[in-house]
>>> print(open('coords_24.cif').read())   # mmCIF, C-alpha atoms
data_query
#
loop_
_atom_site.label_atom_id
_atom_site.label_comp_id
_atom_site.auth_asym_id
_atom_site.auth_seq_id
_atom_site.Cartn_x
_atom_site.Cartn_y
_atom_site.Cartn_z
CA ASP L 1 -9.87 15.35 -4.51
CA GLY L 2 -8.85 12.57 -6.89
CA GLY L 3 -10.02 9.02 -6.95
CA ILE L 4 -12.89 6.75 -7.79
CA THR L 5 -16.32 7.83 -6.69
CA GLN L 6 -19.48 5.77 -6.55
CA SER L 7 -22.99 6.91 -5.98
CA PRO L 8 -25.28 6.46 -4.28
CA LYS L 9 -23.90 4.86 -1.12
CA TYR L 10 -27.18 2.98 -0.61
CA LEU L 11 -29.74 2.10 -3.26
CA PHE L 12 -33.10 0.44 -2.96
CA ARG L 13 -34.66 -1.49 -5.80
CA LYS L 14 -38.20 -2.66 -6.18
CA GLU L 15 -39.02 -5.96 -7.81
CA GLY L 16 -38.87 -5.75 -11.61
CA GLN L 17 -37.03 -2.45 -11.62
CA ASN L 18 -33.76 -1.61 -13.33
CA VAL L 19 -31.31 0.52 -11.38
CA THR L 20 -28.07 2.17 -12.43
CA LEU L 21 -25.02 2.52 -10.22
CA SER L 22 -22.62 5.34 -10.98
CA CYS L 23 -18.82 5.06 -11.09
CA GLU L 24 -16.63 8.03 -11.97
CA GLN L 25 -12.85 8.43 -11.89
CA ASN L 26 -10.44 11.30 -12.41
CA LEU L 27 -7.27 9.22 -12.24
CA ASN L 28 -6.93 8.93 -16.01
CA HIS L 29 -7.23 5.15 -15.73
CA ASP L 30 -7.78 3.32 -19.01
CA ALA L 31 -9.28 0.24 -17.36
CA MET L 32 -12.33 0.02 -15.11
CA TYR L 33 -14.07 -2.87 -13.39
CA TRP L 34 -17.24 -3.79 -11.57
CA TYR L 35 -17.26 -6.36 -8.78
CA ARG L 36 -19.89 -7.75 -6.51
CA GLN L 37 -19.19 -8.68 -2.88
CA ASP L 38 -21.52 -10.84 -0.82
CA PRO L 39 -21.18 -11.57 2.91
CA GLY L 40 -18.52 -14.15 3.58
CA GLN L 41 -17.47 -14.27 -0.06
CA GLY L 42 -14.71 -12.68 -2.03
CA LEU L 43 -15.05 -10.33 -4.96
CA ARG L 44 -16.68 -11.58 -8.12
CA LEU L 45 -16.04 -9.81 -11.40
CA ILE L 46 -19.14 -8.63 -13.26
CA TYR L 47 -17.79 -6.58 -16.17
CA TYR L 48 -14.57 -4.89 -17.13
CA SER L 49 -13.48 -2.30 -19.65
CA GLN L 50 -10.00 -2.07 -21.05
CA ILE L 51 -10.56 1.21 -22.84
CA VAL L 52 -13.30 3.62 -23.86
CA ASN L 53 -16.09 2.06 -25.95
CA ASP L 54 -14.94 -1.42 -25.02
CA PHE L 55 -16.18 -3.76 -22.29
CA GLN L 56 -16.17 -7.47 -21.63
CA LYS L 57 -18.18 -9.86 -19.47
CA GLY L 58 -16.64 -11.08 -16.28
CA ASP L 59 -17.56 -14.19 -14.32
CA ILE L 60 -21.10 -13.20 -13.37
CA ALA L 61 -22.40 -10.81 -16.06
CA GLU L 62 -25.92 -12.24 -16.37
CA GLY L 63 -28.53 -9.70 -15.31
CA TYR L 64 -26.14 -6.76 -15.58
CA SER L 65 -25.18 -4.29 -18.30
CA VAL L 66 -22.56 -1.56 -18.62
CA SER L 67 -21.44 1.22 -20.93
CA ARG L 68 -18.15 3.02 -21.37
CA GLU L 69 -18.85 6.09 -23.47
CA LYS L 70 -16.37 8.25 -21.59
CA LYS L 71 -13.02 7.37 -20.07
CA GLU L 72 -14.11 8.80 -16.72
CA SER L 73 -17.39 6.93 -16.39
CA PHE L 74 -18.40 3.25 -16.20
CA PRO L 75 -22.02 2.93 -15.02
CA LEU L 76 -23.51 -0.44 -14.12
CA THR L 77 -27.18 -1.25 -14.64
CA VAL L 78 -28.69 -4.00 -12.55
CA THR L 79 -31.62 -5.27 -14.59
CA SER L 80 -34.76 -7.06 -13.48
CA ALA L 81 -33.20 -10.23 -14.89
CA GLN L 82 -30.75 -10.28 -11.96
CA LYS L 83 -32.65 -12.46 -9.50
CA ASN L 84 -30.45 -11.89 -6.48
CA PRO L 85 -29.23 -8.30 -6.71
CA THR L 86 -28.79 -7.57 -3.01
CA ALA L 87 -25.04 -7.10 -2.56
CA PHE L 88 -22.22 -4.61 -2.13
CA TYR L 89 -21.07 -3.35 -5.54
CA LEU L 90 -17.53 -2.16 -6.04
CA CYS L 91 -16.06 -0.22 -8.93
CA ALA L 92 -12.32 -0.20 -9.52
CA GLY L 93 -9.85 1.28 -11.95
CA SER L 94 -6.29 0.68 -13.06
CA VAL L 95 -3.90 2.52 -15.32
CA ARG L 96 -3.93 -0.40 -17.73
CA ILE L 97 -5.91 -3.60 -17.77
CA TRP L 98 -5.17 -6.00 -14.89
CA GLU L 99 -2.58 -3.71 -13.30
CA THR L 100 -2.93 -2.64 -9.65
CA GLN L 101 -6.58 -1.88 -9.07
CA TYR L 102 -7.90 0.98 -6.95
CA PHE L 103 -11.41 0.73 -5.60
CA GLY L 104 -14.23 3.14 -4.99
CA PRO L 105 -16.19 3.29 -1.72
CA GLY L 106 -18.93 0.94 -2.96
CA THR L 107 -22.72 1.01 -3.34
CA ARG L 108 -24.93 -1.23 -1.24
CA LEU L 109 -28.00 -2.36 -3.19
CA LEU L 110 -31.03 -3.63 -1.33
CA VAL L 111 -34.18 -5.10 -2.81
CA LEU L 112 -37.48 -4.07 -1.28
CA ASP O 1 -2.74 -18.17 -8.40
CA ALA O 2 -0.99 -19.54 -5.34
CA LYS O 3 -3.06 -19.85 -2.20
CA THR O 4 -2.31 -17.79 0.86
CA THR O 5 -2.73 -18.52 4.54
CA GLN O 6 -3.32 -15.73 7.02
CA PRO O 7 -4.30 -15.75 10.69
CA THR O 8 -8.00 -15.20 11.18
CA SER O 9 -7.59 -12.29 13.55
CA MET O 10 -5.11 -10.30 15.56
CA ASP O 11 -5.11 -7.42 18.01
CA CYS O 12 -2.66 -4.56 18.09
CA ALA O 13 -2.08 -1.71 20.53
CA GLU O 14 -2.45 1.79 19.20
CA GLY O 15 0.91 3.37 18.43
CA ARG O 16 2.70 0.05 18.19
CA ALA O 17 3.81 -1.71 15.03
CA ALA O 18 1.42 -4.27 13.59
CA ASN O 19 3.08 -7.25 11.90
CA LEU O 20 0.73 -9.23 9.67
CA PRO O 21 2.04 -12.58 8.42
CA CYS O 22 1.11 -14.35 5.21
CA ASN O 23 2.19 -17.77 4.00
CA HIS O 24 2.32 -18.49 0.28
CA SER O 25 4.45 -21.59 0.06
CA THR O 26 3.41 -22.46 -3.53
CA ILE O 27 4.11 -19.04 -5.00
CA SER O 28 5.55 -19.04 -8.51
CA GLY O 29 8.54 -17.04 -9.61
CA ASN O 30 6.44 -14.55 -11.55
CA GLU O 31 3.76 -14.00 -8.90
CA TYR O 32 3.63 -10.79 -6.92
CA VAL O 33 2.48 -10.43 -3.32
CA TYR O 34 -0.25 -7.80 -2.96
CA TRP O 35 -1.82 -6.41 0.18
CA TYR O 36 -5.21 -4.74 0.35
CA ARG O 37 -7.35 -3.84 3.32
CA GLN O 38 -11.06 -3.28 3.70
CA ILE O 39 -12.53 -1.17 6.44
CA HIS O 40 -16.08 -2.13 7.32
CA SER O 41 -18.60 -1.16 4.61
CA GLN O 42 -15.96 0.51 2.45
CA GLY O 43 -14.18 -0.49 -0.74
CA PRO O 44 -10.85 -2.34 -0.57
CA GLN O 45 -7.82 -0.10 -0.32
CA TYR O 46 -4.56 -0.99 -2.04
CA ILE O 47 -1.63 -0.94 0.39
CA ILE O 48 1.51 -2.28 -1.25
CA HIS O 49 2.90 -5.03 -3.46
CA GLY O 50 6.24 -6.63 -4.21
CA LEU O 51 7.96 -9.43 -6.08
CA LYS O 52 11.24 -10.23 -4.35
CA ASN O 53 12.64 -7.18 -2.63
CA ASN O 54 11.28 -5.55 0.46
CA GLU O 55 9.07 -2.57 -0.30
CA THR O 56 8.07 0.50 1.68
CA ASN O 57 5.60 3.27 1.01
CA GLU O 58 3.79 5.88 3.06
CA MET O 59 1.35 3.32 4.42
CA ALA O 60 3.37 0.21 5.19
CA SER O 61 6.40 -1.98 4.63
CA LEU O 62 6.38 -5.38 2.97
CA ILE O 63 9.02 -7.90 3.96
CA ILE O 64 9.33 -10.96 1.70
CA THR O 65 11.47 -13.88 2.79
CA GLU O 66 14.35 -14.91 0.60
CA ASP O 67 12.60 -18.12 -0.50
CA ARG O 68 9.42 -16.05 -1.15
CA LYS O 69 7.27 -18.55 0.72
CA SER O 70 6.06 -16.03 3.24
CA SER O 71 5.81 -12.32 3.79
CA THR O 72 4.96 -9.80 6.50
CA LEU O 73 3.09 -6.55 6.18
CA ILE O 74 4.21 -4.01 8.75
CA LEU O 75 2.10 -1.05 9.80
CA PRO O 76 4.73 0.98 11.66
CA HIS O 77 2.49 2.93 14.04
CA ALA O 78 -1.00 1.48 14.13
CA THR O 79 -3.92 3.82 14.73
CA LEU O 80 -7.56 3.10 15.44
CA ARG O 81 -8.30 3.86 11.79
CA ASP O 82 -6.17 0.89 10.77
CA THR O 83 -8.81 -1.50 12.13
CA ALA O 84 -9.83 -3.48 9.05
CA VAL O 85 -9.65 -6.83 7.27
CA TYR O 86 -6.26 -7.22 5.59
CA TYR O 87 -5.93 -9.40 2.52
CA CYS O 88 -2.75 -10.97 1.24
CA ILE O 89 -3.04 -11.91 -2.43
CA VAL O 90 -0.55 -13.49 -4.77
CA ARG O 91 -1.05 -12.99 -8.48
CA VAL O 92 0.80 -12.86 -11.71
CA ASP O 93 1.23 -9.30 -12.93
CA ASN O 94 -1.53 -8.54 -15.43
CA ASP O 95 -3.49 -11.60 -14.33
CA TYR O 96 -7.26 -11.61 -14.75
CA LYS O 97 -7.95 -12.79 -11.23
CA LEU O 98 -7.93 -10.70 -8.08
CA SER O 99 -8.85 -13.29 -5.46
CA PHE O 100 -9.59 -12.08 -1.97
CA GLY O 101 -9.52 -14.83 0.63
CA ALA O 102 -10.77 -14.59 4.19
CA GLY O 103 -8.04 -12.18 5.27
CA THR O 104 -6.94 -11.19 8.76
CA THR O 105 -9.25 -9.08 10.88
CA VAL O 106 -6.99 -6.59 12.64
CA THR O 107 -8.35 -4.72 15.62
CA VAL O 108 -6.31 -1.80 16.92
CA ARG O 109 -7.07 -1.07 20.56
CA ALA O 110 -6.47 2.17 22.43
#
>>> encode(input="coords_24.cif", output="structure tokens")
Amino acid sequence: DGGITQSPKYLFRKEGQNVTLSCEQNLNHDAMYWYRQDPGQGLRLIYYSQIVNDFQKGDIAEGYSVSREKKESFPLTVTSAQKNPTAFYLCAGSVRIWETQYFGPGTRLLVL
Amino acid sequence: DAKTTQPTSMDCAEGRAANLPCNHSTISGNEYVYWYRQIHSQGPQYIIHGLKNNETNEMASLIITEDRKSSTLILPHATLRDTAVYYCIVRVDNDYKLSFGAGTTVTVRA
């Protein structure tokens, strides 16, 4: 089955803890993205990667970090510096940067 | 990006066509019309996009008026699984922004 996969579906974080959200794709997409969705709000761009070993900050990068060591993988770490991490996190990919984006199923992060 | 206006909600009978309108009266000549949908607690799903001509794929048809100020997404035979929030987005190809508005909540009823 092809597509963009995210794991886990639900994730719980304790105060002061870093957590890493997984995003994998087998679509051969060069570009990958991380968004955050909050109730009643649209998508907000956290980080994006145009190509392997490259990534750029989006609109709300503070408190987050990413890596892009492999084309297939773009993990997002929510650090303890992110003061309001509870949200629905969405990973997306596109063949090239800013072309039609295809989304994964999302990870819901909850803070205990 | 041009702003879009969509109805807040609409109901559709299962098996019937669902016609979802979108107004984008300030659209620019180089802006595409994109449609995504989001089923509850899932990631957005790309449906279709177009510039001027009508488009059709395995999921839906997109009808764009000649003046490009409005468009209609058509789901030819709605099923219960089509219940979702549908987003109409206008954007320049290769634009940084992917702005989801409030969308239309479509409920397909048996």
>>> residues_around(input="coords_24.cif", residues="L:Ile46", least_positions_apart="5", cutoff="8 Å", atoms="all atoms listed in the file", output="ChimeraX atom specification")
/L:33-36,57-61,64
>>> closest_residue(input="coords_24.cif", among="L:Arg108, L:Gly3, L:Tyr102, L:Ala87", to="L:Gly40", atoms="only C-alpha atoms")
L:Ala87
>>> residues_around(input="coords_24.cif", residues="L:Leu27", least_positions_apart="2", cutoff="10 Å", atoms="only C-alpha atoms", output="mmCIF file with C-alpha atoms, in the coordinates of the input")
data_model
loop_
_atom_site.group_PDB
_atom_site.id
_atom_site.type_symbol
_atom_site.label_atom_id
_atom_site.label_comp_id
_atom_site.auth_asym_id
_atom_site.auth_seq_id
_atom_site.Cartn_x
_atom_site.Cartn_y
_atom_site.Cartn_z
ATOM 1 C CA GLY L 2 -8.850 12.570 -6.890
ATOM 2 C CA GLY L 3 -10.020 9.020 -6.950
ATOM 3 C CA ILE L 4 -12.890 6.750 -7.790
ATOM 4 C CA GLU L 24 -16.630 8.030 -11.970
ATOM 5 C CA GLN L 25 -12.850 8.430 -11.890
ATOM 6 C CA HIS L 29 -7.230 5.150 -15.730
ATOM 7 C CA ASP L 30 -7.780 3.320 -19.010
ATOM 8 C CA LYS L 71 -13.020 7.370 -20.070
ATOM 9 C CA GLU L 72 -14.110 8.800 -16.720
ATOM 10 C CA GLY L 93 -9.850 1.280 -11.950
ATOM 11 C CA SER L 94 -6.290 0.680 -13.060
ATOM 12 C CA VAL L 95 -3.900 2.520 -15.320
ATOM 13 C CA TYR L 102 -7.900 0.980 -6.950
#
>>> residues_around(input="coords_24.cif", residues="L:Leu90", least_positions_apart="3", cutoff="8 Å", atoms="all atoms listed in the file", output="list in words")
Trp34, Tyr35, Arg36, Gln37, Phe103, Gly104, Pro105, Gly106 and Thr107 of chain L; Gly43 of chain O
>>> write_last_selection(input="coords_24.cif", atoms="C-alpha atoms", output="JSON list (two decimals), in the frame of the given file")
[["chain", "number", "residue", "atom", "x", "y", "z"],
["L", 34, "TRP", "CA", -17.24, -3.79, -11.57],
["L", 35, "TYR", "CA", -17.26, -6.36, -8.78],
["L", 36, "ARG", "CA", -19.89, -7.75, -6.51],
["L", 37, "GLN", "CA", -19.19, -8.68, -2.88],
["L", 103, "PHE", "CA", -11.41, 0.73, -5.60],
["L", 104, "GLY", "CA", -14.23, 3.14, -4.99],
["L", 105, "PRO", "CA", -16.19, 3.29, -1.72],
["L", 106, "GLY", "CA", -18.93, 0.94, -2.96],
["L", 107, "THR", "CA", -22.72, 1.01, -3.34],
["O", 43, "GLY", "CA", -14.18, -0.49, -0.74]]
>>> residues_around(input="coords_24.cif", residues="O:Asp82", least_positions_apart="3", cutoff="7 Å", atoms="only C-alpha atoms", output="compact mmCIF listing (two decimals) with C-alpha atoms, in the frame of the given file")
# COMPACT_ATOMS: atom_id res chain seq x y z
CA ALA O 78 -1.00 1.48 14.13
CA THR O 79 -3.92 3.82 14.73
CA VAL O 108 -6.31 -1.80 16.92
>>> resolve_selection(input="coords_24.cif", expression="the PyMOL selection byres ((chain O and resi 30) around 9)", output="count of residues only")
9
>>> decode(input="coords_24.cif", residues="stretch 66-87 of chain O", atoms="N, CA, C and O atoms", output="JSON list (two decimals), in the first residue's frame")
[["chain", "number", "residue", "atom", "x", "y", "z"],
["O", 66, "GLU", "N", -17.03, 30.23, -16.75],
["O", 66, "GLU", "CA", -16.18, 30.83, -17.78],
["O", 66, "GLU", "C", -15.41, 32.05, -17.24],
["O", 66, "GLU", "O", -14.26, 32.28, -17.60],
["O", 67, "ASP", "N", -16.05, 32.83, -16.37],
["O", 67, "ASP", "CA", -15.37, 33.99, -15.79],
["O", 67, "ASP", "C", -14.48, 33.61, -14.61],
["O", 67, "ASP", "O", -13.82, 34.47, -14.02],
["O", 68, "ARG", "N", -14.48, 32.33, -14.23],
["O", 68, "ARG", "CA", -13.64, 31.77, -13.16],
["O", 68, "ARG", "C", -13.99, 32.32, -11.79],
["O", 68, "ARG", "O", -13.25, 32.10, -10.84],
["O", 69, "LYS", "N", -15.11, 32.97, -11.63],
["O", 69, "LYS", "CA", -15.44, 33.55, -10.34],
["O", 69, "LYS", "C", -16.14, 32.56, -9.42],
["O", 69, "LYS", "O", -16.38, 32.86, -8.24],
["O", 70, "SER", "N", -16.50, 31.43, -9.93],
["O", 70, "SER", "CA", -17.09, 30.40, -9.07],
["O", 70, "SER", "C", -16.83, 29.02, -9.66],
["O", 70, "SER", "O", -16.47, 28.90, -10.85],
["O", 71, "SER", "N", -17.02, 28.02, -8.82],
["O", 71, "SER", "CA", -16.83, 26.66, -9.29],
["O", 71, "SER", "C", -17.75, 25.74, -8.49],
["O", 71, "SER", "O", -18.28, 26.12, -7.45],
["O", 72, "THR", "N", -17.91, 24.53, -9.01],
["O", 72, "THR", "CA", -18.73, 23.52, -8.34],
["O", 72, "THR", "C", -18.00, 22.19, -8.35],
["O", 72, "THR", "O", -17.52, 21.76, -9.40],
["O", 73, "LEU", "N", -17.91, 21.59, -7.19],
["O", 73, "LEU", "CA", -17.38, 20.24, -7.09],
["O", 73, "LEU", "C", -18.56, 19.29, -7.12],
["O", 73, "LEU", "O", -19.52, 19.47, -6.37],
["O", 74, "ILE", "N", -18.49, 18.28, -7.96],
["O", 74, "ILE", "CA", -19.58, 17.32, -8.08],
["O", 74, "ILE", "C", -19.09, 15.94, -7.67],
["O", 74, "ILE", "O", -18.13, 15.41, -8.26],
["O", 75, "LEU", "N", -19.74, 15.39, -6.65],
["O", 75, "LEU", "CA", -19.53, 13.98, -6.30],
["O", 75, "LEU", "C", -20.68, 13.23, -6.95],
["O", 75, "LEU", "O", -21.83, 13.38, -6.55],
["O", 76, "PRO", "N", -20.41, 12.42, -7.96],
["O", 76, "PRO", "CA", -21.50, 11.90, -8.80],
["O", 76, "PRO", "C", -22.48, 10.97, -8.08],
["O", 76, "PRO", "O", -23.68, 11.03, -8.35],
["O", 77, "HIS", "N", -22.01, 10.15, -7.20],
["O", 77, "HIS", "CA", -22.89, 9.22, -6.48],
["O", 77, "HIS", "C", -22.43, 9.19, -5.02],
["O", 77, "HIS", "O", -21.57, 8.39, -4.65],
["O", 78, "ALA", "N", -22.98, 10.08, -4.23],
["O", 78, "ALA", "CA", -22.49, 10.22, -2.85],
["O", 78, "ALA", "C", -22.77, 8.96, -2.03],
["O", 78, "ALA", "O", -23.83, 8.34, -2.14],
["O", 79, "THR", "N", -21.78, 8.60, -1.21],
["O", 79, "THR", "CA", -21.95, 7.49, -0.27],
["O", 79, "THR", "C", -21.77, 8.02, 1.15],
["O", 79, "THR", "O", -21.30, 9.15, 1.35],
["O", 80, "LEU", "N", -22.10, 7.21, 2.12],
["O", 80, "LEU", "CA", -21.97, 7.63, 3.51],
["O", 80, "LEU", "C", -20.53, 8.00, 3.84],
["O", 80, "LEU", "O", -20.26, 8.87, 4.68],
["O", 81, "ARG", "N", -19.58, 7.35, 3.15],
["O", 81, "ARG", "CA", -18.17, 7.63, 3.40],
["O", 81, "ARG", "C", -17.72, 8.98, 2.86],
["O", 81, "ARG", "O", -16.59, 9.41, 3.12],
["O", 82, "ASP", "N", -18.57, 9.64, 2.11],
["O", 82, "ASP", "CA", -18.25, 10.98, 1.60],
["O", 82, "ASP", "C", -18.58, 12.06, 2.62],
["O", 82, "ASP", "O", -18.34, 13.25, 2.36],
["O", 83, "THR", "N", -19.17, 11.71, 3.74],
["O", 83, "THR", "CA", -19.44, 12.68, 4.80],
["O", 83, "THR", "C", -18.11, 13.24, 5.31],
["O", 83, "THR", "O", -17.25, 12.49, 5.78],
["O", 84, "ALA", "N", -17.94, 14.56, 5.18],
["O", 84, "ALA", "CA", -16.65, 15.19, 5.49],
["O", 84, "ALA", "C", -16.80, 16.71, 5.40],
["O", 84, "ALA", "O", -17.84, 17.22, 5.00],
["O", 85, "VAL", "N", -15.74, 17.42, 5.76],
["O", 85, "VAL", "CA", -15.66, 18.85, 5.51],
["O", 85, "VAL", "C", -14.89, 19.03, 4.20],
["O", 85, "VAL", "O", -13.80, 18.48, 4.05],
["O", 86, "TYR", "N", -15.47, 19.77, 3.28],
["O", 86, "TYR", "CA", -14.88, 19.98, 1.96],
["O", 86, "TYR", "C", -14.35, 21.41, 1.87],
["O", 86, "TYR", "O", -15.06, 22.37, 2.16],
["O", 87, "TYR", "N", -13.11, 21.52, 1.44],
["O", 87, "TYR", "CA", -12.44, 22.81, 1.38],
["O", 87, "TYR", "C", -12.15, 23.20, -0.07],
["O", 87, "TYR", "O", -11.56, 22.43, -0.83]]
